[in-house]
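*Asks:* Contents of target-v3.pdb (PDB, C-alpha atoms) are given next:
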```pdb
ATOM      1  CA  MET A  34     -92.107  43.684  11.038
ATOM      2  CA  TYR A  35     -91.005  42.650  14.513
ATOM      3  CA  GLU A  36     -91.146  44.709  17.706
ATOM      4  CA  ILE A  37     -88.713  44.291  20.572
ATOM      5  CA  GLN A  38     -89.505  45.983  23.905
ATOM      6  CA  LEU A  39     -86.951  46.544  26.667
ATOM      7  CA  HIS A  40     -88.523  47.192  30.094
ATOM      8  CA  PRO A  41     -86.159  48.660  32.663
ATOM      9  CA  ALA A  42     -86.260  47.324  36.202
ATOM     10  CA  ASP A  43     -86.958  50.832  37.364
ATOM     11  CA  ILE A  44     -90.650  51.552  36.529
ATOM     12  CA  ARG A  45     -89.907  55.214  36.504
ATOM     13  CA  ARG A  46     -87.776  54.809  33.405
ATOM     14  CA  GLN A  47     -89.283  54.715  29.951
ATOM     15  CA  VAL A  48     -89.853  51.478  28.041
ATOM     16  CA  ARG A  49     -87.752  51.237  24.868
ATOM     17  CA  TYR A  50     -89.178  49.939  21.624
ATOM     18  CA  TYR A  51     -87.154  48.484  18.721
ATOM     19  CA  PHE A  52     -88.693  47.601  15.390
ATOM     20  CA  LEU A  53     -86.902  45.033  13.201
ATOM     21  CA  SER A  54     -87.612  43.910   9.717
ATOM     22  CA  ARG A  55     -87.779  40.213   8.860
ATOM     23  CA  ARG A  56     -84.289  40.360   7.399
ATOM     24  CA  ALA A  57     -82.817  42.060  10.479
ATOM     25  CA  MET A  58     -84.532  39.507  12.677
ATOM     26  CA  ALA A  59     -82.941  36.679  10.671
ATOM     27  CA  TRP A  60     -79.485  38.188  11.164
ATOM     28  CA  LEU A  61     -80.176  38.582  14.877
ATOM     29  CA  ARG A  62     -81.173  34.945  15.157
ATOM     30  CA  LEU A  63     -78.015  33.889  13.231
ATOM     31  CA  ALA A  64     -75.839  35.966  15.532
ATOM     32  CA  GLY A  65     -77.471  34.360  18.541
ATOM     33  CA  LEU A  66     -76.879  30.931  17.128
ATOM     34  CA  VAL A  67     -73.211  31.679  16.435
ATOM     35  CA  PHE A  68     -72.798  33.057  19.941
ATOM     36  CA  ALA A  69     -74.387  29.941  21.408
ATOM     37  CA  LEU A  70     -72.087  27.720  19.336
ATOM     38  CA  LEU A  71     -69.070  29.682  20.518
ATOM     39  CA  LEU A  72     -70.152  29.213  24.104
ATOM     40  CA  VAL A  73     -70.551  25.477  23.582
ATOM     41  CA  ALA A  74     -67.195  25.213  21.775
ATOM     42  CA  GLY A  75     -65.482  27.154  24.526
ATOM     43  CA  ALA A  76     -66.961  24.908  27.155
ATOM     44  CA  VAL A  77     -65.740  21.826  25.270
ATOM     45  CA  LEU A  78     -62.294  23.068  24.144
ATOM     46  CA  ALA A  79     -61.220  24.860  27.312
ATOM     47  CA  PRO A  80     -60.387  21.602  29.202
ATOM     48  CA  ILE A  81     -58.538  20.302  26.142
ATOM     49  CA  GLY A  82     -56.458  23.487  25.992
ATOM     50  CA  VAL A  83     -55.612  23.245  29.673
ATOM     51  CA  GLN A  84     -54.681  19.572  29.199
ATOM     52  CA  SER A  85     -52.508  20.473  26.206
ATOM     53  CA  LEU A  86     -50.647  23.037  28.274
ATOM     54  CA  LEU A  87     -50.088  20.492  31.016
ATOM     55  CA  LEU A  88     -48.920  17.849  28.503
ATOM     56  CA  GLY A  89     -46.589  20.350  26.857
ATOM     57  CA  GLY A  90     -44.955  21.028  30.192
ATOM     58  CA  ARG A  91     -44.713  17.299  30.901
ATOM     59  CA  LEU A  92     -43.159  16.667  27.503
ATOM     60  CA  ARG A  93     -40.517  19.327  28.126
ATOM     61  CA  VAL A  94     -39.663  17.674  31.441
ATOM     62  CA  LEU A  95     -39.501  14.232  29.790
ATOM     63  CA  ALA A  96     -37.334  15.604  26.983
ATOM     64  CA  GLN A  97     -34.882  17.007  29.530
ATOM     65  CA  GLN A  98     -34.860  13.693  31.409
ATOM     66  CA  ASN A  99     -34.275  11.853  28.118
ATOM     67  CA  ARG A 100     -31.311  14.094  27.294
ATOM     68  CA  THR A 101     -29.886  13.506  30.766
ATOM     69  CA  GLN A 102     -30.349   9.733  30.474
ATOM     70  CA  ARG A 103     -28.814   9.802  26.978
ATOM     71  CA  GLU A 104     -25.761  11.570  28.372
ATOM     72  CA  VAL A 105     -25.523   9.018  31.185
ATOM     73  CA  LEU A 106     -25.878   6.178  28.658
ATOM     74  CA  ASP A 107     -23.136   7.709  26.475
ATOM     75  CA  GLN A 108     -20.862   7.893  29.531
ATOM     76  CA  ARG A 109     -21.610   4.261  30.379
ATOM     77  CA  GLU A 110     -20.883   3.196  26.796
ATOM     78  CA  ALA A 111     -17.580   5.101  26.847
ATOM     79  CA  ALA A 112     -16.706   3.343  30.115
ATOM     80  CA  LEU A 113     -17.610  -0.009  28.529
ATOM     81  CA  ASP A 114     -15.343   0.807  25.579
ATOM     82  CA  ARG A 115     -12.446   1.537  27.942
ATOM     83  CA  LEU A 116     -13.067  -1.657  29.900
ATOM     84  CA  GLN A 117     -13.279  -3.632  26.662
ATOM     85  CA  ARG A 118      -9.913  -2.288  25.504
ATOM     86  CA  GLN A 119      -8.357  -3.052  28.890
ATOM     87  CA  THR A 120      -9.826  -6.567  28.862
ATOM     88  CA  ASP A 121      -8.562  -7.174  25.319
ATOM     89  CA  GLU A 122      -5.120  -5.935  26.337
ATOM     90  CA  ALA A 123      -5.102  -8.210  29.381
ATOM     91  CA  ARG A 124      -6.265 -11.157  27.259
ATOM     92  CA  ASN A 125      -3.496 -10.548  24.719
ATOM     93  CA  ARG A 126      -0.927 -10.282  27.501
ATOM     94  CA  GLN A 127      -2.186 -13.538  29.013
ATOM     95  CA  ARG A 128      -1.961 -15.239  25.610
ATOM     96  CA  GLN A 129       1.539 -13.894  25.128
ATOM     97  CA  MET A 130       2.683 -15.117  28.515
ATOM     98  CA  SER A 131       1.120 -18.535  27.924
ATOM     99  CA  LEU A 132       2.760 -18.730  24.516
ATOM    100  CA  ILE A 133       6.277 -17.924  25.646
ATOM    101  CA  LEU A 134       6.061 -20.120  28.744
ATOM    102  CA  GLY A 135       4.428 -23.015  26.939
ATOM    103  CA  ALA A 136       1.629 -22.919  29.530
ATOM    104  CA  PRO A 137      -1.985 -24.059  28.932
ATOM    105  CA  GLN A 138      -4.176 -21.604  27.029
ATOM    106  CA  THR A 139      -7.608 -22.598  28.330
ATOM    107  CA  ALA A 140      -9.039 -22.929  31.793
ATOM    108  CA  HIS A 141      -9.650 -26.511  32.829
ATOM    109  CA  SER A 142     -12.133 -25.718  35.550
ATOM    110  CA  GLY A 143     -15.588 -24.245  35.202
ATOM    111  CA  ALA A 144     -14.793 -21.488  37.671
ATOM    112  CA  GLY A 145     -14.955 -17.975  36.375
ATOM    113  CA  THR A 146     -17.421 -18.832  33.588
ATOM    114  CA  PRO A 147     -20.852 -18.030  35.002
ATOM    115  CA  SER A 148     -24.051 -19.111  33.312
ATOM    116  CA  PRO A 149     -25.644 -16.421  31.125
ATOM    117  CA  GLN A 150     -27.841 -14.052  33.096
ATOM    118  CA  PRO A 151     -31.330 -13.137  31.841
ATOM    119  CA  VAL A 152     -31.566  -9.646  30.401
ATOM    120  CA  ARG A 153     -34.713  -7.634  31.000
ATOM    121  CA  GLU A 154     -36.073  -6.304  27.723
ATOM    122  CA  LEU A 155     -35.587  -2.540  27.593
ATOM    123  CA  LEU A 156     -37.506  -0.045  25.515
ATOM    124  CA  VAL A 157     -34.336   1.739  24.350
ATOM    125  CA  ALA A 158     -32.321  -0.403  21.941
ATOM    126  CA  ASP A 159     -28.994   1.269  22.802
ATOM    127  CA  ALA A 160     -29.579   0.690  26.512
ATOM    128  CA  GLU A 161     -30.327  -2.994  25.918
ATOM    129  CA  ILE A 162     -27.159  -3.362  23.846
ATOM    130  CA  ALA A 163     -25.134  -1.681  26.609
ATOM    131  CA  VAL A 164     -26.567  -4.049  29.233
ATOM    132  CA  ARG A 165     -25.766  -7.110  27.118
ATOM    133  CA  ARG A 166     -22.238  -5.794  26.512
ATOM    134  CA  SER A 167     -21.686  -5.276  30.228
ATOM    135  CA  LEU A 168     -22.876  -8.815  31.042
ATOM    136  CA  LYS A 169     -20.609 -10.320  28.365
ATOM    137  CA  LEU A 170     -17.696  -8.222  29.575
ATOM    138  CA  ASP A 171     -18.314  -9.442  33.106
ATOM    139  CA  THR A 172     -18.277 -13.065  31.907
ATOM    140  CA  ASP A 173     -15.111 -12.529  29.835
ATOM    141  CA  THR A 174     -13.375 -10.838  32.750
ATOM    142  CA  LEU A 175     -14.139 -13.683  35.158
ATOM    143  CA  ALA A 176     -12.916 -16.242  32.617
ATOM    144  CA  LEU A 177      -9.743 -14.199  32.082
ATOM    145  CA  LEU A 178      -9.147 -14.084  35.842
ATOM    146  CA  THR A 179      -9.370 -17.879  35.948
ATOM    147  CA  LEU A 180      -6.839 -18.218  33.121
ATOM    148  CA  SER A 181      -4.563 -15.686  34.809
ATOM    149  CA  ASP A 182      -4.710 -17.615  38.084
ATOM    150  CA  GLU A 183      -3.735 -20.808  36.249
ATOM    151  CA  LEU A 184      -0.891 -18.978  34.501
ATOM    152  CA  ALA A 185       0.341 -17.571  37.819
ATOM    153  CA  SER A 186       0.271 -21.062  39.332
ATOM    154  CA  PHE A 187       2.244 -22.392  36.360
ATOM    155  CA  ALA A 188       4.816 -19.607  36.749
ATOM    156  CA  ARG A 189       5.211 -20.272  40.472
ATOM    157  CA  ALA A 190       5.715 -23.982  39.786
ATOM    158  CA  ASN A 191       8.346 -23.179  37.110
ATOM    159  CA  GLU A 192      10.289 -20.280  38.609
ATOM    160  CA  GLU A 193      13.549 -21.194  36.895
ATOM    161  CA  LEU A 194      11.838 -21.257  33.494
ATOM    162  CA  THR A 195      10.161 -17.916  34.227
ATOM    163  CA  ARG A 196      13.498 -16.280  35.012
ATOM    164  CA  ALA A 197      15.082 -17.791  31.908
ATOM    165  CA  VAL A 198      12.467 -16.680  29.350
ATOM    166  CA  PRO A 199      14.023 -14.010  27.050
ATOM    167  CA  SER A 200      11.222 -11.594  27.864
ATOM    168  CA  ILE A 201      12.771  -8.118  27.644
ATOM    169  CA  CYS A 202      14.115  -6.199  24.682
ATOM    170  CA  PRO A 203      17.895  -6.664  24.316
ATOM    171  CA  LEU A 204      18.282  -2.927  23.603
ATOM    172  CA  PRO A 205      17.081  -0.081  25.836
ATOM    173  CA  VAL A 206      13.560   0.972  24.826
ATOM    174  CA  GLY A 207      13.733   4.133  22.738
ATOM    175  CA  SER A 208      17.256   3.490  21.452
ATOM    176  CA  PHE A 209      16.435   1.447  18.326
ATOM    177  CA  VAL A 210      14.381   1.219  15.155
ATOM    178  CA  LEU A 211      13.131  -2.060  13.690
ATOM    179  CA  THR A 212      14.609  -2.222  10.189
ATOM    180  CA  SER A 213      14.041  -5.859   9.222
ATOM    181  CA  PRO A 214      11.350  -8.091  10.758
ATOM    182  CA  PHE A 215      11.223 -11.844  11.171
ATOM    183  CA  GLY A 216      10.310 -13.899   8.088
ATOM    184  CA  ASN A 217      10.908 -13.882   4.365
ATOM    185  CA  ARG A 218      12.564 -10.766   2.960
ATOM    186  CA  THR A 219      14.707  -9.544   0.085
ATOM    187  CA  SER A 220      18.349  -9.950   1.072
ATOM    188  CA  PRO A 221      20.285  -6.639   0.926
ATOM    189  CA  PHE A 222      23.345  -8.582  -0.264
ATOM    190  CA  THR A 223      21.994 -11.068  -2.839
ATOM    191  CA  ASN A 224      18.756  -9.247  -3.765
ATOM    192  CA  THR A 225      16.926 -12.566  -3.549
ATOM    193  CA  ILE A 226      14.192 -13.771  -1.201
ATOM    194  CA  ASP A 227      15.581 -15.474   1.877
ATOM    195  CA  PHE A 228      14.375 -16.313   5.363
ATOM    196  CA  HIS A 229      15.374 -13.865   8.085
ATOM    197  CA  ALA A 230      15.516 -15.885  11.302
ATOM    198  CA  GLY A 231      15.463 -12.880  13.630
ATOM    199  CA  ILE A 232      14.890  -9.144  13.722
ATOM    200  CA  ASP A 233      17.286  -6.304  12.958
ATOM    201  CA  LEU A 234      17.290  -3.364  15.360
ATOM    202  CA  ALA A 235      19.190  -0.331  14.106
ATOM    203  CA  ALA A 236      20.946   1.599  16.887
ATOM    204  CA  ARG A 237      24.034   3.693  17.511
ATOM    205  CA  GLU A 238      27.334   1.866  17.748
ATOM    206  CA  GLY A 239      28.189   1.239  21.369
ATOM    207  CA  THR A 240      24.555   0.931  22.529
ATOM    208  CA  PRO A 241      24.556  -1.706  25.287
ATOM    209  CA  VAL A 242      23.066  -5.110  24.473
ATOM    210  CA  LEU A 243      21.293  -6.712  27.435
ATOM    211  CA  ALA A 244      20.560 -10.311  28.321
ATOM    212  CA  PRO A 245      16.782 -10.756  27.804
ATOM    213  CA  GLY A 246      16.603 -13.516  30.429
ATOM    214  CA  ASP A 247      18.766 -15.543  32.778
ATOM    215  CA  GLY A 248      21.118 -17.766  30.811
ATOM    216  CA  ARG A 249      24.539 -19.222  30.201
ATOM    217  CA  VAL A 250      26.920 -18.016  27.472
ATOM    218  CA  VAL A 251      27.500 -20.957  25.149
ATOM    219  CA  PHE A 252      29.368 -18.991  22.478
ATOM    220  CA  ALA A 253      31.121 -15.617  22.402
ATOM    221  CA  GLY A 254      33.329 -14.446  19.555
ATOM    222  CA  ARG A 255      33.635 -14.700  15.765
ATOM    223  CA  PHE A 256      32.699 -18.014  14.189
ATOM    224  CA  PRO A 257      35.479 -19.440  11.949
ATOM    225  CA  LEU A 258      34.882 -19.014   8.218
ATOM    226  CA  ASN A 259      36.042 -22.574   7.482
ATOM    227  CA  ARG A 260      33.515 -23.983   9.957
ATOM    228  CA  ASN A 261      30.330 -22.230   8.866
ATOM    229  CA  VAL A 262      30.050 -19.426   6.302
ATOM    230  CA  SER A 263      26.559 -18.361   7.362
ATOM    231  CA  TRP A 264      27.586 -17.901  10.962
ATOM    232  CA  TRP A 265      30.849 -16.223  10.014
ATOM    233  CA  ARG A 266      28.703 -13.530   8.370
ATOM    234  CA  TYR A 267      27.226 -12.718  11.776
ATOM    235  CA  GLY A 268      30.508 -11.086  12.815
ATOM    236  CA  ASN A 269      30.976 -10.856  16.565
ATOM    237  CA  VAL A 270      28.222 -12.942  18.097
ATOM    238  CA  VAL A 271      27.026 -14.049  21.523
ATOM    239  CA  VAL A 272      24.741 -17.042  22.064
ATOM    240  CA  LEU A 273      22.858 -17.581  25.329
ATOM    241  CA  ARG A 274      21.125 -20.756  26.417
ATOM    242  CA  HIS A 275      18.129 -20.071  28.641
ATOM    243  CA  SER A 276      17.282 -23.281  30.535
ATOM    244  CA  GLU A 277      16.763 -26.196  28.155
ATOM    245  CA  ARG A 278      14.044 -24.501  26.115
ATOM    246  CA  TYR A 279      15.357 -21.223  24.675
ATOM    247  CA  ILE A 280      18.428 -19.981  22.841
ATOM    248  CA  SER A 281      19.012 -16.310  22.030
ATOM    249  CA  ILE A 282      21.519 -14.998  19.471
ATOM    250  CA  PHE A 283      23.075 -11.497  19.259
ATOM    251  CA  ALA A 284      25.032 -10.753  16.090
ATOM    252  CA  HIS A 285      27.118  -7.956  14.479
ATOM    253  CA  LEU A 286      28.351  -6.809  17.902
ATOM    254  CA  GLN A 287      31.088  -4.229  18.238
ATOM    255  CA  ASP A 288      32.372  -5.398  21.626
ATOM    256  CA  ILE A 289      31.722  -8.568  23.617
ATOM    257  CA  SER A 290      31.880  -8.206  27.411
ATOM    258  CA  VAL A 291      31.231 -11.838  28.429
ATOM    259  CA  LEU A 292      33.067 -15.120  28.178
ATOM    260  CA  ARG A 293      31.895 -18.561  27.248
ATOM    261  CA  GLY A 294      30.445 -20.254  30.318
ATOM    262  CA  SER A 295      29.431 -16.991  32.012
ATOM    263  CA  GLN A 296      26.099 -16.978  33.814
ATOM    264  CA  LEU A 297      24.020 -13.870  33.105
ATOM    265  CA  VAL A 298      20.849 -12.555  34.685
ATOM    266  CA  ARG A 299      18.097 -10.683  32.882
ATOM    267  CA  GLY A 300      19.168  -7.116  32.083
ATOM    268  CA  GLU A 301      22.922  -7.716  32.428
ATOM    269  CA  PRO A 302      25.021  -6.300  29.527
ATOM    270  CA  LEU A 303      26.777  -8.771  27.230
ATOM    271  CA  GLY A 304      28.202  -6.455  24.561
ATOM    272  CA  THR A 305      27.485  -3.424  22.395
ATOM    273  CA  VAL A 306      25.830  -2.758  19.047
ATOM    274  CA  GLY A 307      28.289  -2.876  16.149
ATOM    275  CA  ASN A 308      28.679  -3.266  12.410
ATOM    276  CA  THR A 309      30.780  -6.434  12.129
ATOM    277  CA  GLY A 310      30.271  -9.244   9.646
ATOM    278  CA  TRP A 311      27.819  -8.899   6.776
ATOM    279  CA  SER A 312      26.230  -5.652   7.892
ATOM    280  CA  THR A 313      25.325  -2.502   5.978
ATOM    281  CA  SER A 314      25.037  -0.256   9.054
ATOM    282  CA  PRO A 315      25.236  -0.495  12.850
ATOM    283  CA  HIS A 316      22.471  -2.740  14.141
ATOM    284  CA  LEU A 317      21.735  -5.756  16.319
ATOM    285  CA  HIS A 318      20.574  -8.977  14.703
ATOM    286  CA  TYR A 319      18.541 -10.706  17.410
ATOM    287  CA  GLU A 320      17.159 -14.257  17.306
ATOM    288  CA  VAL A 321      15.207 -16.483  19.678
ATOM    289  CA  ARG A 322      15.095 -20.219  19.032
ATOM    290  CA  VAL A 323      12.904 -22.700  20.896
ATOM    291  CA  THR A 324      13.508 -26.410  21.377
ATOM    292  CA  GLU A 325      10.817 -28.867  22.409
ATOM    293  CA  ASP A 326      13.246 -31.493  23.721
ATOM    294  CA  GLU A 327      16.970 -32.140  24.000
ATOM    295  CA  GLU A 328      17.206 -33.932  20.662
ATOM    296  CA  SER A 329      15.151 -31.650  18.402
ATOM    297  CA  GLU A 330      16.748 -28.797  16.493
ATOM    298  CA  PRO A 331      15.931 -25.404  18.049
ATOM    299  CA  GLN A 332      13.540 -23.559  15.737
ATOM    300  CA  PRO A 333      13.575 -19.780  15.232
ATOM    301  CA  VAL A 334      10.489 -17.850  16.328
ATOM    302  CA  ASP A 335       9.685 -14.170  16.026
ATOM    303  CA  PRO A 336      11.532 -12.556  18.974
ATOM    304  CA  ARG A 337       8.889  -9.834  19.212
ATOM    305  CA  ILE A 338       6.454 -12.401  20.620
ATOM    306  CA  PHE A 339       8.658 -12.775  23.694
ATOM    307  CA  ILE A 340       9.335  -9.111  24.421
ATOM    308  CA  LEU A 341       7.056  -7.856  27.199
ATOM    309  CA  ASN A 342       8.448  -4.361  27.795
ATOM    310  CA  TYR A 343       7.821  -2.977  24.309
ATOM    311  CA  ARG A 344       4.650  -2.790  22.188
ATOM    312  CA  TRP A 345       5.222  -3.686  18.543
ATOM    313  CA  THR A 346       3.064  -2.663  15.602
ATOM    314  CA  GLY A 347       0.654  -5.486  14.749
ATOM    315  CA  TYR A 348       1.025  -6.974  18.229
ATOM    316  CA  GLU A 349      -2.199  -9.030  18.054
ATOM    317  CA  ASP A 350      -1.310 -10.476  14.641
ATOM    318  CA  LEU A 351       2.103 -11.540  15.963
ATOM    319  CA  LEU A 352       0.420 -13.660  18.635
ATOM    320  CA  VAL A 353      -1.804 -15.355  16.061
ATOM    321  CA  VAL A 354       1.093 -16.080  13.714
ATOM    322  CA  GLY A 355       3.191 -17.282  16.640
ATOM    323  CA  ARG A 356       0.741 -20.138  17.181
ATOM    324  CA  THR A 357      -0.339 -20.947  13.628
ATOM    325  CA  ALA A 358       2.653 -20.336  11.348
ATOM    326  CA  PRO A 359       4.358 -23.480   9.982
ATOM    327  CA  ALA A 360       7.980 -24.160  10.808
ATOM    328  CA  PRO A 361      10.216 -22.172   8.424
ATOM    329  CA  THR A 362      13.207 -23.410   6.475
ATOM    330  CA  PHE A 363      16.243 -22.068   8.316
ATOM    331  CA  ASP A 364      19.970 -22.523   8.863
ATOM    332  CA  PRO A 365      20.462 -24.888  11.825
ATOM    333  CA  LEU A 366      22.657 -23.953  14.737
ATOM    334  CA  PRO A 367      26.270 -25.154  14.556
ATOM    335  CA  SER A 368      26.730 -28.184  16.770
ATOM    336  CA  ARG A 369      29.437 -26.474  18.819
ATOM    337  CA  VAL A 370      26.872 -23.792  19.715
ATOM    338  CA  TRP A 371      23.801 -25.948  20.245
ATOM    339  CA  ARG A 372      25.426 -28.812  22.124
ATOM    340  CA  ASN A 373      27.363 -26.654  24.616
TER     341      ASN A 373
END
```
Turn this file's structure into structure tokens for me.
*Replies:*
Amino acid sequence: MYEIQLHPADIRRQVRYYFLSRRAMAWLRLAGLVFALLLVAGAVLAPIGVQSLLLGGRLRVLAQQNRTQREVLDQREAALDRLQRQTDEARNRQRQMSLILGAPQTAHSGAGTPSPQPVRELLVADAEIAVRRSLKLDTDTLALLTLSDELASFARANEELTRAVPSICPLPVGSFVLTSPFGNRTSPFTNTIDFHAGIDLAAREGTPVLAPGDGRVVFAGRFPLNRNVSWWRYGNVVVLRHSERYISIFAHLQDISVLRGSQLVRGEPLGTVGNTGWSTSPHLHYEVRVTEDEESEPQPVDPRIFILNYRWTGYEDLLVVGRTAPAPTFDPLPSRVWRN
């Protein structure tokens, strides 16, 4: 048996006596121990709880900052994508211009090709990729500017050639449909594979046909059947010589508005779309032939490569083929056309 006495501070009050058994005393001691442990645990865990609350708030702030930076990074990547498309378009246009002018394709000077810049390692992989893309795009752009400057210098030094290049579509944009491309095809007349030396542009009869570049009319009319069957099939045809390098051919015309020997400037009408000769419907058969020198036979090339005011399907592939395709087997120009 245990006795517990409680003495009030006021001596006038009565002392209280509590009697506990051994078992009750054991429970009291256990309760005291638990209470002491709770006090110790509270003293230890309270700072951790406060720190957790502070960290939780910090994490929420960091998460918001991360979302903001992610949005900014996405915007930068979208801007890089737009710049990449614009650079690719400019590069293709530069290649096209170099191809049709016969100008150099690579820069001869080291200008515009800076040495690679070191890239600071970033913790975010996407951010590091974006930085490397931007540096490469900067290098590509400077190199492209150098090539463009060289091309501009070439054009200024060869102004007559630049004016003569058949560089616009011979039909008004929006007035035609490409029905037969350049290259091998199944002939609509013989149902056999043959080489199509130009492109066929279906359009309404009477649609004006325009000179694609400055040139001189070396043939205008219908070629005699007894002279050349293949050219007789072209019906009414006009042939322009553009400087000493290019020849353009316009076949199946309805009307011809120029005479042999006429000098035309780019965009000037020379006739109208028709259905003459071997033709299944109104259309313009359009060819461009290129000669390397005065003695070599002019060779047909895909006219779409030369046209700058219209975007064709498969534009990039046309540029590749224009430089790598072997010379086709084709009908040569009649001497009375070529030698004029």
*Asks:* Could you give me, as a count of residues only, the residues that sit within 10 Å of (13.4, -24.7, 35.3) in the file's coordinates, counting only C-alpha atoms?
*Replies:* 12
*Asks:* Please evaluate the PyMOL selection byres ((chain A and resi 231-236) around 8) against the structure above and give the resulting residues as a ChimeraX atom specification.
*Replies:* /A:208-216,229-230,237-238,240,306,314-321,333-336
*Asks:* Identify all residues satisfying the PyMOL selection byres ((chain A and resi 301) around 9) in the given file; provide them as a ChimeraX atom specification.
*Replies:* /A:242-247,297-300,302-303
*Asks:* Using only C-alpha atoms, which of the listed residues (A:Asn269, A:Pro80, A:Arg293, A:Thr172) sits closest to A:Pro257?
*Replies:*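 When distances to A:Pro257 are compared using only C-alpha atoms, the smallest one comes from A:Asn269.
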*Asks:* Considering all atoms listed in the file, can you say which of A:Leu292, A:Val94, A:Ala79, A:Ile133 comes closest to A:Ile201?
*Replies:*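 Looking at the shortest contact to A:Ile201, the residue is A:Ile133.
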*Asks:* In Å to one decimal, how far is atom CA of A:Gly65 from atom CA of A:Pro41?
*Replies:*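 Atom-to-atom, atom CA of A:Pro41 and atom CA of A:Gly65 are spaced 21.9 Å apart.
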*Asks:* For the file shown, report as a ChimeraX atom specification the outcome of the PyMOL selection byres ((chain A and resi 264) around 12) at residue level.
*Replies:* /A:252,254-263,265-272,282-285,309-311,318,364-370
*Asks:* Using Å and a single decimal, report how far atom CA of A:Pro199 sits from atom CA of A:Phe339.
*Replies:*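 Result for atom CA of A:Phe339 versus atom CA of A:Pro199: 6.4 Å, one decimal.
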*Asks:* Given 5 Å on each side, where is the centre and what are the edge lengths in Å to one decimal of the axis-aligned box enclosing the listed atoms of stretch 65-79 of chain A, as lines of an AutoDock Vina configuration file?
*Replies:*
```
center_x = -69.3
center_y = 28.1
center_z = 21.9
size_x = 26.3
size_y = 22.5
size_z = 20.9
```
*Asks:* I'd like the contact shell of A:Arg322 - 8 Å cut-off, only C-alpha atoms, skipping same-chain residues fewer than 6 positions apart - returned as a list in words.
*Replies:*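 Using only C-alpha atoms, the neighbours found are Tyr279, Ile280, Ser281, Pro331, Gln332, Pro333 and Val334 of chain A.
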*Asks:* Measure the distance from atom CA of A:Val323 to atom CA of A:Thr120 in Å and round it to one decimal.
*Replies:*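 Taking atom CA of A:Val323 and atom CA of A:Thr120, their separation equals 29.0 Å.
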*Asks:* Within 7 Å of (26.1, -14.3, 32.7) in the file's own coordinates, which protein, DNA or RNA residues have an atom, counting all atoms listed in the file? List them as an mmCIF file with C-alpha atoms, in the frame of the given file.
*Replies:*
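Generated output (point.cif):
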```cif
data_model
loop_
_atom_site.group_PDB
_atom_site.id
_atom_site.type_symbol
_atom_site.label_atom_id
_atom_site.label_comp_id
_atom_site.auth_asym_id
_atom_site.auth_seq_id
_atom_site.Cartn_x
_atom_site.Cartn_y
_atom_site.Cartn_z
ATOM 1 C CA GLY A 248 21.118 -17.766 30.811
ATOM 2 C CA ARG A 249 24.539 -19.222 30.201
ATOM 3 C CA VAL A 250 26.920 -18.016 27.472
ATOM 4 C CA SER A 295 29.431 -16.991 32.012
ATOM 5 C CA GLN A 296 26.099 -16.978 33.814
ATOM 6 C CA LEU A 297 24.020 -13.870 33.105
ATOM 7 C CA VAL A 298 20.849 -12.555 34.685
#
```
*Asks:* Determine the nearest neighbour of A:Asp171 from the options A:Ile37, A:Leu71, A:Leu113, A:Cys202, counting only C-alpha atoms.
*Replies:*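 Checking each of A:Ile37, A:Leu71, A:Leu113, A:Cys202 against A:Asp171, counting only C-alpha atoms, the winner is A:Leu113.
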*Asks:* For each of A:Arg189, A:Gly294, A:Asp121, A:Arg126, take the minimum atom-to-atom distance to A:Thr174, counting all atoms listed in the file, then give the residue where this is smallest.
*Replies:*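 Of the candidates, the smallest distance to A:Thr174 is held by A:Asp121.
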*Asks:* Counting only C-alpha atoms, figure out which residue out of A:Ser200, A:Ser220, A:Ser54, A:Thr362 gets nearest to A:Tyr343.
*Replies:* A:Ser200
*Asks:* Rank A:Ala59, A:Leu204, A:Leu286, A:Ala123 by their smallest atom-to-atom distance to A:Asp173, using all atoms listed in the file, and report the top residue only.
*Replies:*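 Between A:Ala59, A:Leu204, A:Leu286, A:Ala123, the residue approaching A:Asp173 most closely is A:Ala123.
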